[in-house]
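The next block is start24.txt, given as compact mmCIF, C-alpha atoms.
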# COMPACT_ATOMS: atom_id res chain seq x y z
CA MET A 1 39.58 -19.43 5.88
CA SER A 2 41.47 -16.54 4.26
CA ASN A 3 43.08 -19.05 1.95
CA PHE A 4 39.61 -20.26 1.06
CA LEU A 5 38.35 -16.72 0.39
CA GLU A 6 41.44 -15.94 -1.67
CA ARG A 7 40.88 -18.94 -3.85
CA LEU A 8 37.21 -18.15 -4.13
CA PHE A 9 37.85 -14.69 -5.49
CA THR A 10 40.96 -15.19 -7.55
CA ARG A 11 40.31 -18.52 -9.24
CA ASN A 12 37.54 -19.24 -11.66
CA THR A 13 36.26 -22.35 -9.92
CA SER A 14 34.21 -25.01 -11.66
CA ALA A 15 31.23 -24.03 -9.50
CA GLN A 16 31.50 -20.42 -10.68
CA GLN A 17 31.65 -21.59 -14.27
CA ALA A 18 28.61 -23.79 -13.71
CA LYS A 19 26.67 -20.88 -12.24
CA GLU A 20 27.53 -18.48 -15.06
CA ARG A 21 26.65 -21.07 -17.70
CA MET A 22 23.38 -21.91 -15.98
CA LYS A 23 22.37 -18.25 -15.75
CA LEU A 24 22.50 -17.97 -19.53
CA VAL A 25 20.96 -21.37 -20.22
CA LEU A 26 18.01 -20.70 -17.90
CA ILE A 27 17.31 -17.31 -19.48
CA HIS A 28 17.08 -18.92 -22.89
CA ASP A 29 15.05 -21.90 -21.60
CA ARG A 30 12.57 -19.59 -19.88
CA THR A 31 12.15 -17.17 -22.78
CA ASP A 32 12.55 -19.56 -25.69
CA LEU A 33 14.87 -16.95 -27.19
CA SER A 34 18.36 -17.92 -28.34
CA PRO A 35 21.26 -15.44 -28.54
CA GLY A 36 20.88 -15.54 -32.35
CA GLU A 37 17.19 -14.71 -32.16
CA LEU A 38 17.97 -11.89 -29.77
CA GLU A 39 20.32 -10.39 -32.40
CA VAL A 40 17.58 -10.61 -35.05
CA LEU A 41 15.15 -8.95 -32.63
CA LYS A 42 17.69 -6.19 -32.05
CA ASP A 43 18.13 -5.51 -35.77
CA GLU A 44 14.37 -5.38 -36.31
CA LEU A 45 13.91 -3.07 -33.33
CA ILE A 46 16.55 -0.70 -34.73
CA GLU A 47 14.80 -0.72 -38.08
CA VAL A 48 11.36 0.06 -36.61
CA ILE A 49 12.56 2.76 -34.26
CA SER A 50 14.67 4.35 -36.99
CA ARG A 51 11.49 5.01 -38.96
CA HIS A 52 10.36 7.38 -36.23
CA VAL A 53 13.49 8.85 -34.69
CA GLU A 54 17.12 9.03 -35.63
CA ILE A 55 19.14 6.66 -33.43
CA GLU A 56 22.73 5.47 -33.08
CA PRO A 57 22.50 1.88 -34.36
CA GLY A 58 25.97 0.98 -33.11
CA ALA A 59 25.22 2.04 -29.53
CA VAL A 60 21.96 0.12 -29.13
CA ARG A 61 22.08 -2.37 -26.24
CA ILE A 62 19.46 -5.11 -25.83
CA GLU A 63 19.84 -7.23 -22.73
CA MET A 64 17.94 -9.82 -20.80
CA ALA A 65 17.62 -9.13 -17.09
CA THR A 66 16.48 -11.62 -14.46
CA GLU A 67 14.38 -10.72 -11.45
CA GLY A 68 13.49 -13.77 -9.45
CA ARG A 69 11.90 -16.09 -12.00
CA GLU A 70 10.92 -13.23 -14.34
CA GLN A 71 12.86 -12.23 -17.38
CA ARG A 72 12.90 -8.68 -18.64
CA LEU A 73 14.04 -7.41 -22.00
CA ILE A 74 15.93 -4.17 -21.48
CA ALA A 75 16.68 -1.93 -24.45
CA ASP A 76 18.98 1.06 -24.25
CA ILE A 77 18.59 3.07 -27.46
CA PRO A 78 20.47 6.38 -27.65
CA ILE A 79 18.66 8.94 -29.82
CA ARG A 80 20.58 11.44 -31.95
CA PRO A 81 19.92 15.12 -31.23
CA THR A 82 17.39 16.64 -33.64
CA ARG A 83 18.76 20.21 -33.93
CA ARG A 84 18.12 20.50 -37.64
CA LYS A 85 14.41 19.82 -37.28
CA ARG A 86 13.84 22.60 -34.75
CA LYS A 87 12.70 25.95 -36.14
CA MET B 1 -23.59 -30.22 9.57
CA LEU B 2 -19.93 -30.26 10.51
CA LEU B 3 -18.48 -28.32 13.37
CA PRO B 4 -14.95 -26.94 13.51
CA ASN B 5 -12.53 -29.36 15.05
CA HIS B 6 -8.96 -28.99 16.26
CA GLY B 7 -7.40 -32.12 14.98
CA THR B 8 -8.34 -35.05 12.89
CA LEU B 9 -10.99 -37.58 13.70
CA LYS B 10 -10.45 -41.29 14.11
CA LYS B 11 -10.79 -43.76 11.30
CA GLY B 12 -14.33 -44.25 10.13
CA SER B 13 -15.59 -40.81 11.03
CA ILE B 14 -15.65 -37.83 8.72
CA ARG B 15 -12.46 -35.80 8.77
CA ILE B 16 -13.06 -32.11 9.20
CA MET B 17 -9.51 -31.05 8.36
CA PRO B 18 -8.85 -32.78 5.04
CA GLY B 19 -5.32 -34.07 4.52
CA LYS B 20 -2.75 -32.33 2.35
CA VAL B 21 -1.39 -33.72 -0.89
CA VAL B 22 2.35 -33.24 -1.40
CA THR B 23 3.77 -34.17 -4.80
CA VAL B 24 7.51 -34.76 -5.08
CA THR B 25 8.87 -34.19 -8.58
CA SER B 26 12.12 -33.19 -10.32
CA GLY B 27 12.16 -33.39 -14.09
CA LYS B 28 15.45 -35.28 -14.18
CA GLY B 29 15.55 -38.88 -13.00
CA GLY B 30 17.87 -40.16 -10.32
CA VAL B 31 18.04 -37.04 -8.15
CA GLY B 32 16.34 -38.64 -5.14
CA LYS B 33 12.59 -38.16 -5.61
CA THR B 34 11.64 -41.58 -4.30
CA THR B 35 14.07 -41.35 -1.39
CA ALA B 36 12.65 -37.92 -0.52
CA THR B 37 9.03 -39.11 -0.78
CA ALA B 38 9.69 -42.17 1.40
CA ASN B 39 11.67 -40.33 4.03
CA ILE B 40 9.53 -37.22 4.35
CA GLY B 41 6.50 -39.55 4.59
CA ALA B 42 8.23 -41.73 7.21
CA ALA B 43 9.27 -38.64 9.20
CA LEU B 44 5.69 -37.36 9.24
CA ALA B 45 4.43 -40.79 10.31
CA ALA B 46 7.11 -41.01 13.03
CA ALA B 47 5.80 -37.65 14.27
CA GLY B 48 2.37 -39.25 14.74
CA LYS B 49 0.67 -38.15 11.52
CA LYS B 50 -1.32 -40.54 9.42
CA VAL B 51 0.50 -40.73 6.09
CA ILE B 52 0.04 -42.50 2.78
CA CYS B 53 2.73 -42.63 0.11
CA VAL B 54 1.43 -43.12 -3.42
CA ASP B 55 3.79 -44.30 -6.15
CA ALA B 56 2.68 -42.56 -9.36
CA ASP B 57 5.64 -43.88 -11.35
CA ILE B 58 3.66 -46.51 -13.23
CA GLY B 59 5.82 -49.08 -14.98
CA LEU B 60 8.91 -48.14 -12.96
CA ARG B 61 7.74 -48.91 -9.44
CA ASN B 62 10.31 -48.22 -6.72
CA LEU B 63 8.72 -46.62 -3.68
CA ASP B 64 7.85 -50.13 -2.43
CA VAL B 65 11.51 -51.30 -2.35
CA VAL B 66 12.74 -48.04 -0.86
CA LEU B 67 10.20 -48.44 1.95
CA GLY B 68 10.92 -52.19 2.28
CA LEU B 69 7.31 -53.18 1.52
CA GLU B 70 7.87 -54.95 -1.80
CA ASN B 71 6.91 -58.40 -0.51
CA ARG B 72 3.44 -57.39 0.58
CA ILE B 73 1.96 -56.05 -2.66
CA VAL B 74 -1.31 -57.56 -3.80
CA TYR B 75 -3.09 -54.70 -5.54
CA ASP B 76 -1.75 -51.48 -7.02
CA LEU B 77 -2.76 -47.98 -8.08
CA VAL B 78 -4.08 -49.10 -11.46
CA ASP B 79 -6.22 -51.81 -9.80
CA VAL B 80 -7.81 -49.08 -7.66
CA VAL B 81 -8.36 -46.73 -10.60
CA GLU B 82 -9.86 -49.50 -12.75
CA GLY B 83 -12.09 -50.73 -9.93
CA ARG B 84 -10.54 -54.20 -9.47
CA CYS B 85 -10.19 -53.58 -5.75
CA ARG B 86 -11.24 -51.14 -3.09
CA MET B 87 -8.77 -48.43 -2.09
CA ARG B 88 -8.25 -50.04 1.30
CA GLN B 89 -7.22 -53.35 -0.28
CA ALA B 90 -4.35 -51.66 -2.13
CA MET B 91 -2.99 -49.94 0.99
CA ILE B 92 0.03 -51.62 2.58
CA ARG B 93 0.63 -50.74 6.19
CA ASP B 94 4.22 -50.34 7.36
CA LYS B 95 4.94 -52.55 10.38
CA ARG B 96 7.61 -50.27 11.86
CA LEU B 97 5.56 -47.10 11.49
CA PRO B 98 1.91 -48.07 11.94
CA GLU B 99 0.74 -44.66 10.73
CA LEU B 100 2.53 -45.10 7.38
CA TYR B 101 0.81 -46.68 4.36
CA LEU B 102 1.75 -47.24 0.72
CA ILE B 103 -0.22 -47.56 -2.48
CA PRO B 104 2.26 -49.07 -4.95
CA ALA B 105 2.44 -48.33 -8.66
CA ALA B 106 1.55 -50.96 -11.24
CA GLN B 107 4.67 -52.50 -12.69
CA THR B 108 3.31 -54.01 -15.90
CA ARG B 109 1.18 -51.12 -17.14
CA ASP B 110 2.10 -47.76 -18.60
CA LYS B 111 1.42 -44.28 -17.37
CA ASN B 112 -1.58 -43.86 -19.67
CA ALA B 113 -3.52 -46.34 -17.51
CA VAL B 114 -4.14 -43.41 -15.13
CA SER B 115 -5.41 -39.89 -15.91
CA PRO B 116 -5.10 -36.63 -13.96
CA SER B 117 -8.83 -36.83 -13.13
CA ASP B 118 -8.35 -40.36 -11.72
CA MET B 119 -5.66 -38.91 -9.46
CA LEU B 120 -7.95 -36.08 -8.35
CA ARG B 121 -10.66 -38.57 -7.34
CA LEU B 122 -8.18 -40.84 -5.59
CA ALA B 123 -6.65 -37.92 -3.67
CA ASP B 124 -10.05 -36.62 -2.58
CA GLU B 125 -10.83 -40.00 -1.08
CA LEU B 126 -7.45 -40.24 0.65
CA ARG B 127 -7.76 -36.71 2.06
CA GLN B 128 -10.67 -37.96 4.17
CA GLU B 129 -8.55 -40.52 5.93
CA PHE B 130 -4.96 -39.27 5.99
CA ASP B 131 -3.19 -36.18 7.29
CA TRP B 132 -0.59 -36.31 4.54
CA ILE B 133 -0.70 -37.87 1.07
CA MET B 134 2.81 -38.04 -0.43
CA ILE B 135 2.88 -38.63 -4.19
CA ASP B 136 6.09 -39.81 -5.86
CA SER B 137 6.15 -38.43 -9.40
CA PRO B 138 7.92 -40.11 -12.30
CA ALA B 139 10.77 -38.27 -14.02
CA GLY B 140 9.94 -36.34 -17.15
CA ILE B 141 7.31 -33.79 -18.09
CA GLU B 142 4.69 -36.02 -19.67
CA ARG B 143 1.50 -37.78 -18.61
CA GLY B 144 2.98 -39.38 -15.48
CA PHE B 145 4.17 -36.01 -14.22
CA ARG B 146 0.80 -34.41 -14.99
CA ASN B 147 -0.95 -37.24 -13.11
CA ALA B 148 1.27 -36.70 -10.10
CA ILE B 149 0.83 -32.94 -9.82
CA ALA B 150 -2.89 -32.81 -10.67
CA PRO B 151 -4.09 -33.27 -7.06
CA ALA B 152 -1.14 -31.51 -5.35
CA ASP B 153 -1.69 -28.92 -2.64
CA ILE B 154 2.08 -28.54 -2.26
CA VAL B 155 4.72 -29.40 -4.86
CA LEU B 156 8.28 -30.20 -3.81
CA VAL B 157 10.94 -30.04 -6.53
CA VAL B 158 14.02 -32.15 -5.81
CA THR B 159 17.31 -31.23 -7.45
CA ASN B 160 21.04 -31.90 -7.08
CA PRO B 161 23.75 -29.22 -7.24
CA GLU B 162 24.58 -30.21 -10.84
CA VAL B 163 23.91 -28.38 -14.07
CA SER B 164 21.59 -30.94 -15.66
CA ALA B 165 19.46 -31.39 -12.52
CA VAL B 166 19.20 -27.61 -12.00
CA ARG B 167 18.19 -27.02 -15.60
CA ASP B 168 15.48 -29.69 -15.47
CA ALA B 169 14.26 -28.38 -12.10
CA ASP B 170 13.85 -24.92 -13.67
CA ARG B 171 11.75 -26.38 -16.46
CA ILE B 172 9.57 -28.27 -13.97
CA ILE B 173 9.11 -25.17 -11.80
CA GLY B 174 7.87 -23.30 -14.90
CA LEU B 175 5.38 -26.10 -15.68
CA VAL B 176 4.12 -26.27 -12.08
CA GLU B 177 3.59 -22.50 -12.07
CA ALA B 178 1.78 -22.72 -15.41
CA GLU B 179 -0.62 -25.22 -13.80
CA GLU B 180 -1.34 -22.53 -11.19
CA LYS B 181 -0.21 -24.78 -8.38
CA GLY B 182 1.52 -21.91 -6.65
CA PRO B 183 5.27 -21.74 -6.31
CA PRO B 184 6.83 -25.14 -5.55
CA ARG B 185 9.39 -25.52 -2.78
CA LEU B 186 12.91 -26.75 -3.38
CA VAL B 187 14.79 -29.70 -1.91
CA ILE B 188 18.51 -29.62 -2.75
CA ASN B 189 19.68 -33.20 -2.39
CA ARG B 190 23.16 -34.80 -2.33
CA ILE B 191 25.14 -31.72 -1.39
CA LYS B 192 28.82 -32.50 -0.81
CA PRO B 193 30.03 -29.80 1.59
CA ASP B 194 33.71 -30.57 0.94
CA MET B 195 33.29 -30.02 -2.80
CA VAL B 196 31.27 -26.85 -2.18
CA ARG B 197 34.08 -25.54 0.05
CA ARG B 198 36.64 -26.18 -2.67
CA GLY B 199 34.51 -24.36 -5.22
CA ASP B 200 33.90 -27.57 -7.13
CA MET B 201 30.16 -27.86 -6.54
CA LEU B 202 27.34 -25.35 -6.80
CA SER B 203 26.40 -24.24 -3.28
CA ALA B 204 22.83 -24.25 -2.01
CA ASP B 205 22.89 -20.45 -2.33
CA ASP B 206 23.98 -20.71 -5.97
CA VAL B 207 21.16 -23.14 -6.78
CA LEU B 208 18.62 -20.99 -4.95
CA GLU B 209 19.74 -17.87 -6.78
CA LEU B 210 19.41 -19.64 -10.14
CA LEU B 211 16.01 -21.23 -9.48
CA ALA B 212 14.55 -18.39 -7.39
CA ILE B 213 11.99 -20.39 -5.41
CA GLU B 214 11.58 -20.99 -1.71
CA LEU B 215 13.88 -23.58 -0.10
CA ILE B 216 12.40 -26.32 2.09
CA GLY B 217 15.49 -28.43 2.69
CA MET B 218 19.16 -29.12 2.02
CA VAL B 219 20.16 -32.76 2.22
CA PRO B 220 23.84 -33.69 2.39
CA ASP B 221 25.19 -36.61 0.40
CA ASP B 222 25.28 -39.41 2.94
CA ASP B 223 26.28 -43.08 2.60
CA ALA B 224 23.65 -43.91 5.22
CA VAL B 225 20.94 -43.28 2.60
CA VAL B 226 22.23 -46.10 0.39
CA MET B 227 22.87 -48.39 3.37
CA ASN B 228 19.43 -47.89 4.90
CA THR B 229 17.72 -48.18 1.54
CA ASN B 230 19.56 -51.48 0.98
CA ARG B 231 17.74 -52.77 4.03
CA GLY B 232 14.41 -51.18 3.11
CA MET B 233 14.66 -48.84 6.08
CA PRO B 234 13.81 -45.16 5.86
CA VAL B 235 16.96 -43.19 6.73
CA VAL B 236 14.92 -40.86 8.95
CA LEU B 237 14.76 -43.72 11.47
CA ASP B 238 18.57 -43.62 11.71
CA ASN B 239 19.29 -40.96 14.31
CA ARG B 240 22.95 -40.70 13.38
CA SER B 241 22.35 -39.94 9.70
CA ARG B 242 22.82 -36.36 8.56
CA ALA B 243 20.53 -36.91 5.59
CA GLY B 244 17.93 -38.39 7.94
CA GLN B 245 18.07 -35.24 10.04
CA ALA B 246 17.64 -33.10 6.92
CA PHE B 247 14.53 -35.08 5.88
CA ARG B 248 13.09 -34.79 9.39
CA ASN B 249 13.62 -31.01 9.16
CA ILE B 250 11.73 -30.94 5.86
CA ALA B 251 8.82 -32.82 7.47
CA GLN B 252 8.73 -30.26 10.26
CA ARG B 253 8.79 -27.34 7.84
CA LEU B 254 5.92 -28.92 5.88
CA GLN B 255 3.92 -28.88 9.09
CA GLY B 256 4.58 -25.16 9.40
CA GLU B 257 7.32 -25.31 12.00
CA ASN B 258 10.11 -22.82 11.74
CA VAL B 259 13.28 -24.90 11.60
CA PRO B 260 16.28 -22.66 10.84
CA PHE B 261 18.47 -23.54 7.89
CA VAL B 262 22.08 -24.25 8.78
CA GLU B 263 24.80 -23.14 6.38
CA MET B 264 26.28 -26.16 4.69
CA ASN B 265 29.25 -24.60 2.93
CA SER B 266 31.11 -22.79 5.68
CA ASN B 267 33.82 -24.55 7.61
CA ASP B 268 31.90 -24.67 10.86
CA GLY B 269 28.56 -25.00 9.17
CA PHE B 270 26.05 -27.74 8.85
CA PHE B 271 28.40 -30.66 9.43
CA GLY B 272 30.21 -29.25 12.42
CA LYS B 273 27.07 -28.18 14.21
CA LEU B 274 25.08 -31.22 13.29
CA ALA B 275 27.88 -33.59 14.24
CA ARG B 276 28.06 -31.95 17.65
CA PHE B 277 24.29 -32.07 17.97
CA ILE B 278 24.03 -35.75 17.14
CA ARG B 279 27.30 -37.04 18.53
CA PRO B 280 28.49 -34.74 21.28
CA GLY B 281 32.25 -34.84 21.25
CA GLY B 282 32.59 -34.51 17.53
CA ASP B 283 32.93 -36.82 14.63
Give the structure from the file, written as structure tokens.
Amino acid sequence: MSNFLERLFTRNTSAQQAKERMKLVLIHDRTDLSPGELEVLKDELIEVISRHVEIEPGAVRIEMATEGREQRLIADIPIRPTRRKRK
Amino acid sequence: MLLPNHGTLKKGSIRIMPGKVVTVTSGKGGVGKTTATANIGAALAAAGKKVICVDADIGLRNLDVVLGLENRIVYDLVDVVEGRCRMRQAMIRDKRLPELYLIPAAQTRDKNAVSPSDMLRLADELRQEFDWIMIDSPAGIERGFRNAIAPADIVLVVTNPEVSAVRDADRIIGLVEAEEKGPPRLVINRIKPDMVRRGDMLSADDVLELLAIELIGMVPDDDAVVMNTNRGMPVVLDNRSRAGQAFRNIAQRLQGENVPFVEMNSNDGFFGKLARFIRPGGD
């Protein structure tokens, strides 16, 4: 049994690979959004938000999260401090 | 004026508790839909319920051979829908399980010979006479699939622990939910516990986590399925078959019984316990 657990956690088994691959495939099947399209969406989001506030484009994170059968788009967009604007 | 009644009335009288329509579907072909339909239906009939299995796979008829009733077909589903015979004339009664009936699919027509509204009418008529109406869906996501799920009260999605079957099951689950059928329930078929233990097959837990719907049964890969099907015998009638036991459990869960799930991927899991249960002394 310990041998089994050891193998389970140390080796990247074919079942683990299948599961990881399926997680990504199902997200894209369910949302109809490919990784490429997600990148485009990210660039456009940065552009729109930048019109209103100053952000750190390099630190923007857009991720897809799964909760049950629901997909959620999660955006983490750090905003630059606005000291100069304050009076 | 109908009064509440506990059970179901005898043939010829009006049924107060209409039967339930269960559609078995999968997206991908070859995962065991027909085997599941036949065996869950046979298990319900063996438990004393009046059951009819309907083959909705028009053009690729198979439920008849799986049930061993292929030699007795006179009329089929399309004959009923097009009014060439009465419903009763197309029903084939199983001789081993007298409460089990089959309406076969047409073999020389295509799926467009039947519409979802035809299936709704057919199911409403069958609900008056049967406790359970089991519909075997064709593979795919087109007309045949839509026909099969149109009258469903309960949808069962069959999958195997393989990437292509899981992906297609996910697609089907999305389509069933879009039809507002309520969440389907999952049958994971052809699990090989040895491969799962070695990390070479997705476990039932992995599949459930990916598909995120309620489980109704886990069926181990079992040579007895092929052997019984060769003879046209439902495997649920084979008391020594592990797959047969799994299908009987599904039939019980459909009827609302709480049958605990047994782990299939631990060393002393499903096989060990089941082997001891069926063949005391081990196997």
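The coordinates place atom CA of B:Ala105 at 5.2 Å from atom CA of B:Leu77.
With only C-alpha atoms as the atoms that count, the minimum distance from chain B to the choices A:Arg61, A:Thr66, A:Lys42, A:Val53 is reached by A:Thr66.
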Practice prompt. Tell me the residues of chain A close to chain B, meaning within 8 Å using all atoms listed in the file, as a ChimeraX atom specification.
Written response: /A:1,4,8,13-16,18-19,22-23,25-26,29-30,68-69
Worksheet item: Could you pull the residues within 12 Å of A:His52, counting all atoms listed in the file, minus those fewer than 4 positions along the same chain, as a list in words?
Response: Leu45, Ile46, Glu47, Val48, Ile79, Arg80 and Thr82 of chain A
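Using only C-alpha atoms, the nearest neighbour of B:Pro151 within the list B:Ala43, B:Val24, B:Ile16, B:Leu67 is B:Val24.
If you look at atom CA of B:Leu120 and atom CA of B:Glu70, they are 25.5 Å away from each other.
We find atom CA of B:Lys192 and atom CA of B:Pro234 to be spaced 20.7 Å apart.
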Discussion item. I'd like the contact shell of B:Ile188 - 9 Å cut-off, all atoms listed in the file, skipping same-chain residues fewer than 2 positions apart - returned as a count of residues only.
Written reply: 17
Worksheet entry | Polymer residues at most 8 Å from B:Gly29, all atoms listed in the file, same-chain spacing of 5 or more positions, as a ChimeraX atom specification | /B:138-140
Discussion item. Need the shell around A:Ala65: protein/DNA/RNA residues with any atom at most 12 Å away, counting all atoms listed in the file. Skip same-chain ones fewer than 2 positions apart. Format as JSON, numbers by chain?
Written reply: {"A": [23, 24, 26, 27, 28, 30, 31, 62, 63, 67, 68, 69, 70, 71, 72, 73, 74, 75]}
Practice prompt. Using all atoms listed in the file, determine which residues lie at most 8 Å from A:Pro78, disregarding the query and same-chain residues fewer than 5 positions distant; provide the list as a ChimeraX atom specification.
Written response: /A:55-56,59-60
Can I get the selection written as a tab-separated table (two decimals), in the frame of the given file, with C-alpha atoms?
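In the end it all went to selection_18.tsv:
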chain	number	residue	atom	x	y	z
A	55	ILE	CA	19.14	6.66	-33.43
A	56	GLU	CA	22.73	5.47	-33.08
A	59	ALA	CA	25.22	2.04	-29.53
A	60	VAL	CA	21.96	0.12	-29.13
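Residue nearest B:Arg253, chosen from B:Leu44, B:Cys85, B:Gly68, B:Tyr75 and counting all atoms listed in the file: B:Leu44.
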